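K.L.:
Structure provided below as structure tokens; questions to follow.
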Amino acid sequence: MKLRYLPALLLCVALIACSRQEAETELPEPPRIVIPDDAVPGQLLVRFDDKVAEILRNAGLTKSGPMASLPCSGIPSVDEVLDLVAGYSIERVFPVDSRTEDRAEKSGLHLWYLVRFSEDADLAQVAADLSRLGEVSTVQLNRTIKRADNAKALPFSPENLSRAAAEGYFDDTYLPLQWHLVNNGDLGPDKFVAGADVNVRKAWDLCTGDASVVVAVLDEGVDVTHPDLRDAMWVNDGEIWRSHDDNDGNGYAGDYYGYNFARNSAIINTDNIHDTGHGSHVAGVIGATNNNGLGISSIAGGNGSVPGVRIMSCQIFSGNYAGTVLDEVRAIKYAADNGAVILQCSWGYTSGAANAYEWQPMYTTDEEWIDYNPLESRALDYFIHNAGSAGGVIEGGIAVFAGGNESAPAAGYPGAYPDFVSVAATAADFTPAIYTNYGPGTTISAPGGDQDYYYEYGSGETAGRLGCVFSTLPTTIASEGYGYMEG
């Protein structure tokens, strides 16, 4: 145990002893809390009042992570509850970043802490006991979050490269396969309709990207060594690659291209055997380097002489590890504090209108989502109000979410909330993708591909891939570094 925590330990011992001597009245039995299957055992997200937060800060608790925790809060009532469960500790959800701590305090994010304890403890009972304390304003479960992609990469294929691409634009080899960018209707006779794309040619006439726009990809890790992505990556100039020190004082050591929140590490990884490559895939769609004579084109990857947007990798999924609310909110605040102005989020909760025989429907109203996810909503609110700058290309942030993949007549949250952009998926003939959510809560539609709809194009493992989106993939998943995915 580090010596800087010793005063806090002595304070805890003294206060807990006093509280037990003085506690003479039995408190009423708190209400039971229903615990869903996706709740993380042995963890609760707690919003303390200012008094507790100040005590914890004075005790030296300014960082995040299991190695930067305290064994008690120093508040008798809180520690009396937590002393009943084994192995408890308290850590800040968001580490102190001296550059942005003032605005974090104005948003109340400095009051949120992660309480860890034995996974064998009764999570509902601990949550209920904490909820009744005057020093605690909110208790939220730490839940796993659902990926909104279908997580199946299809192999690369060079077929049909003879078709016309975006004449007069980029020399990237595989642009002819990217119907989602430029659809001339000639990839297939029936289900590829000219113009069923993102209409990017008109956008390119105005701008091909801007390096001052940083897009945070909250997904699996982005392959930072990929030849079509390495020059598009955001770089933290205040950090040192693979450093174990927090050189820029933002609370995260070695965060050169972003941060791996799933593993609490600066190393962005894409080599887990269970990785799907989705983070690299969406990064390629957004900002793969244009006009470099290889690979793919992207929406905002520059034009060869003018650089495009920068990609910040905020990894919240890794292999079979499903990201949690804790990983998510840390990534959101990190993105806002380190220059990102757009969040790209291919995840969310099951639509409240999903078929209950196949899915567990979730939130149906804005109020319901906020009530059950106060920290998530506060973190996103922090991003849209604090990202960017008044003198920059964007003032405030834009959060973009997948609408969901349950074929439901309403988008899932958080994307369905009015402050965010929720995207439904279309096929290459303007029709909705078979899996996409649609209707209330949906902001826009965009090409997402549909393998089942295009199944007759190809055979075996190649069936339907031409109807999917062609983009970058880690070479650990596709040796050529490119392939097809839905979503």
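Chain labels A, B, ... are given in the sequence in which chains occur in the structure tokens; within each chain residues are numbered consecutively from 1, and ligands are likewise numbered from 1 in the order shown.
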Where does range 363-389 of chain A meet range 419-440 of chain A within 9 Å, residue by residue, with the nearest atom pair and distance in Å to one decimal for each, counting only C-alpha atoms, listed by chain and rising number, as a Markdown table?
P.N.:
| residue | atom | partner | partner_atom | distance |
| --- | --- | --- | --- | --- |
| A:Leu380 | CA | A:Phe420 | CA | 9.0 |
| A:Asp381 | CA | A:Asp419 | CA | 8.5 |
| A:Ile384 | CA | A:Asp419 | CA | 8.2 |
K.L.:
Can you check which residues of range 282-394 of chain A DSSP gives as strand (DSSP E or B) on the backbone and send them as a list of chain:residue names?
P.N.:
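Those residues are A:Arg310, A:Ile311, A:Met312, A:Ser313, A:Cys314, A:Gln315, A:Ser318, A:Tyr321, A:Thr324, A:Ile342, A:Leu343, A:Gln344, A:Cys345, A:Trp347, A:Gly348, A:Gly388.
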K.L.:
Rank A:Ile342, A:Val329, A:Ala300, A:Ala478 by their smallest atom-to-atom distance to Val200 in chain A, using only C-alpha atoms, and report the top residue only.
P.N.:
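Closest to Val200 in chain A of all the choices is A:Ala300.
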K.L.:
How many Å lie between CA of Leu56 in chain A and CA of Ala262 in chain A, rounded to one decimal?
P.N.:
25.1 Å
K.L.:
Check which residues of range 368-474 of chain A sit at most 12 Å from range 325-328 of chain A using only C-alpha atoms, and return one row each with the closest pair of atoms and their distance in Å to one decimal, ordered by chain and rising number, as a tab-separated table.
P.N.:
residue	atom	partner	partner_atom	distance
A:Tyr372	CA	A:Val325	CA	11.7
A:Asn373	CA	A:Val325	CA	8.9
A:Pro374	CA	A:Val325	CA	10.7
A:Leu375	CA	A:Val325	CA	8.4
A:Glu376	CA	A:Val325	CA	7.0
A:Ser377	CA	A:Val325	CA	10.7
A:Arg378	CA	A:Glu328	CA	12.0
A:Ala379	CA	A:Glu328	CA	9.0
A:Leu380	CA	A:Glu328	CA	9.8
A:Pro414	CA	A:Val325	CA	11.9
K.L.:
Save out the residues we just selected, N, CA, C and O atoms, as a compact mmCIF listing (two decimals), in the first residue's frame.
P.N.:
# COMPACT_ATOMS: atom_id res chain seq x y z
N TYR A 372 -32.32 5.77 -15.57
CA TYR A 372 -31.55 4.55 -15.34
C TYR A 372 -30.06 4.72 -15.64
O TYR A 372 -29.25 3.88 -15.24
N ASN A 373 -29.71 5.78 -16.37
CA ASN A 373 -28.33 5.97 -16.79
C ASN A 373 -27.87 7.41 -16.55
O ASN A 373 -27.45 8.10 -17.48
N PRO A 374 -27.93 7.88 -15.31
CA PRO A 374 -27.60 9.29 -15.06
C PRO A 374 -26.15 9.65 -15.39
O PRO A 374 -25.88 10.73 -15.90
N LEU A 375 -25.21 8.75 -15.12
CA LEU A 375 -23.82 9.06 -15.40
C LEU A 375 -23.56 9.09 -16.91
O LEU A 375 -22.86 9.97 -17.42
N GLU A 376 -24.12 8.14 -17.63
CA GLU A 376 -23.97 8.11 -19.08
C GLU A 376 -24.53 9.38 -19.71
O GLU A 376 -23.89 10.00 -20.57
N SER A 377 -25.71 9.80 -19.28
CA SER A 377 -26.32 11.00 -19.85
C SER A 377 -25.52 12.25 -19.50
O SER A 377 -25.37 13.16 -20.33
N ARG A 378 -24.96 12.30 -18.28
CA ARG A 378 -24.15 13.45 -17.89
C ARG A 378 -22.85 13.51 -18.68
O ARG A 378 -22.38 14.59 -19.05
N ALA A 379 -22.24 12.35 -18.93
CA ALA A 379 -20.99 12.32 -19.69
C ALA A 379 -21.22 12.78 -21.12
O ALA A 379 -20.43 13.55 -21.69
N LEU A 380 -22.29 12.32 -21.73
CA LEU A 380 -22.61 12.74 -23.10
C LEU A 380 -22.96 14.21 -23.15
O LEU A 380 -22.60 14.93 -24.10
N PRO A 414 -28.45 5.17 -26.43
CA PRO A 414 -28.61 6.61 -26.29
C PRO A 414 -28.95 7.36 -27.57
O PRO A 414 -29.35 8.50 -27.54
K.L.:
Which is closer to Thr350 in chain A than all the others in A:Gly412, A:Gly185, A:Pro36, A:Pro227, using only C-alpha atoms?
P.N.:
A:Gly412
K.L.:
Using only C-alpha atoms, which residue out of A:Val214, A:Leu111, A:Ile311, A:Ile370 lies closest to Val136 in chain A?
P.N.:
A:Leu111
K.L.:
Closest to Leu175 in chain A among A:Phe470, A:Phe94, A:Trp241, A:Tyr484, using only C-alpha atoms?
P.N.:
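Looking at the shortest contact to Leu175 in chain A, the residue is A:Phe470.
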K.L.:
Out of A:Ala283, A:Leu114, A:Ile35, A:Ala411, which residue has the shortest atom-to-atom distance to Gly65 in chain A when counting only C-alpha atoms?
P.N.:
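For Gly65 in chain A, the nearest of the candidates is A:Leu114.
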K.L.:
In range 183-216 of chain A, what's helix (DSSP H, G or I) per DSSP? Answer as a list of chain:residue names?
P.N.:
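Matching residues for helix (DSSP H, G or I) in range 183-216 of chain A are A:Val200, A:Arg201, A:Lys202, A:Ala203, A:Trp204, A:Asp205, A:Leu206.
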K.L.:
Using all heavy atoms, can you write the selected residues to a file as a compact mmCIF listing (two decimals), in the first residue's frame?
P.N.:
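Saved file selection36.txt follows:
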# COMPACT_ATOMS: atom_id res chain seq x y z
N VAL A 200 -21.17 11.49 -51.59
CA VAL A 200 -19.92 12.11 -51.16
C VAL A 200 -19.26 12.94 -52.25
O VAL A 200 -18.48 13.85 -51.97
CB VAL A 200 -18.95 11.03 -50.63
CG1 VAL A 200 -18.34 10.23 -51.78
CG2 VAL A 200 -17.87 11.64 -49.76
N ARG A 201 -19.57 12.68 -53.51
CA ARG A 201 -18.92 13.45 -54.57
C ARG A 201 -19.23 14.94 -54.44
O ARG A 201 -18.36 15.78 -54.66
CB ARG A 201 -19.35 12.92 -55.94
CG ARG A 201 -18.63 11.63 -56.34
CD ARG A 201 -19.12 11.05 -57.64
NE ARG A 201 -20.48 10.51 -57.49
CZ ARG A 201 -21.07 9.76 -58.41
NH1 ARG A 201 -20.43 9.47 -59.53
NH2 ARG A 201 -22.28 9.29 -58.22
N LYS A 202 -20.46 15.28 -54.10
CA LYS A 202 -20.80 16.70 -53.92
C LYS A 202 -20.09 17.27 -52.70
O LYS A 202 -19.69 18.43 -52.69
CB LYS A 202 -22.31 16.85 -53.79
CG LYS A 202 -23.06 16.57 -55.08
CD LYS A 202 -24.55 16.87 -54.94
CE LYS A 202 -25.27 16.65 -56.25
NZ LYS A 202 -26.74 16.93 -56.15
N ALA A 203 -19.93 16.44 -51.67
CA ALA A 203 -19.19 16.89 -50.49
C ALA A 203 -17.73 17.13 -50.82
O ALA A 203 -17.12 18.12 -50.38
CB ALA A 203 -19.32 15.87 -49.36
N TRP A 204 -17.14 16.23 -51.58
CA TRP A 204 -15.73 16.37 -51.97
C TRP A 204 -15.48 17.64 -52.77
O TRP A 204 -14.38 18.19 -52.74
CB TRP A 204 -15.27 15.15 -52.76
CG TRP A 204 -15.02 13.93 -51.93
CD1 TRP A 204 -14.78 13.87 -50.60
CD2 TRP A 204 -14.99 12.58 -52.40
NE1 TRP A 204 -14.60 12.57 -50.20
CE2 TRP A 204 -14.71 11.75 -51.28
CE3 TRP A 204 -15.17 11.98 -53.65
CZ2 TRP A 204 -14.60 10.37 -51.39
CZ3 TRP A 204 -15.06 10.60 -53.76
CH2 TRP A 204 -14.78 9.80 -52.63
N ASP A 205 -16.48 18.09 -53.52
CA ASP A 205 -16.33 19.34 -54.25
C ASP A 205 -16.11 20.53 -53.31
O ASP A 205 -15.48 21.52 -53.67
CB ASP A 205 -17.57 19.62 -55.11
CG ASP A 205 -17.64 18.72 -56.34
OD1 ASP A 205 -16.58 18.21 -56.76
OD2 ASP A 205 -18.75 18.53 -56.85
N LEU A 206 -16.65 20.40 -52.09
CA LEU A 206 -16.53 21.48 -51.11
C LEU A 206 -15.35 21.28 -50.17
O LEU A 206 -14.64 22.22 -49.83
CB LEU A 206 -17.83 21.57 -50.29
CG LEU A 206 -19.11 21.85 -51.08
CD1 LEU A 206 -20.33 21.74 -50.15
CD2 LEU A 206 -19.05 23.22 -51.73
K.L.:
Which residue, A:Gly396, A:Leu130, A:Thr472, A:Ala53, has the smallest gap to Asp223 in chain A when you use only C-alpha atoms?
P.N.:
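Smallest separation from Asp223 in chain A among the options: A:Thr472.
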K.L.:
Do a neighbour search on Leu61 in chain A at 8 Å with only C-alpha atoms, toss out local chain neighbours closer than 4 positions, and write the hits as a PyMOL selection string.
P.N.:
chain A and resi 56-57+68-70+91-92
K.L.:
Mind pulling up the distance from CA of Pro447 in chain A to CA of Thr324 in chain A?
P.N.:
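Distance reported for this atom pair: 27.7 Å.
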K.L.:
Near Arg147 in chain A, counting only C-alpha atoms, which residues have an atom at most 7 Å away, once you skip same-chain residues fewer than 3 positions from it, shown as a PyMOL selection string?
P.N.:
chain A and resi 346-348
K.L.:
Can you pull out every residue within 9 Å of Pro418 in chain A, counting only C-alpha atoms, but drop anything in the same chain fewer than 4 positions away, and send it as a PyMOL selection string?
P.N.:
chain A and resi 366+422+441+443
K.L.:
Identify, on the basis of only C-alpha atoms, every residue whose closest approach to Phe156 in chain A does not exceed 9 Å; exclude the query and any residue fewer than 3 positions from it along the same chain; express the result as a list in words.
P.N.:
Thr462, Arg465, Phe470, Ala478, Ser479, Glu480, Gly481, Tyr482, Gly483 and Tyr484 of chain A
K.L.:
Set the distance at 10 Å and use only C-alpha atoms: which residues neighbour Asp171 in chain A once local chain neighbours fewer than 5 positions away are removed? I'd like the list as an MDAnalysis selection string.
P.N.:
chainID A and resid 165:166 290:297 303:304
K.L.:
Would you work out the distance separating CA of Leu229 in chain A from CA of Ala390 in chain A, expressed in Å to one decimal?
P.N.:
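Distance between the two atoms: 28.9 Å.
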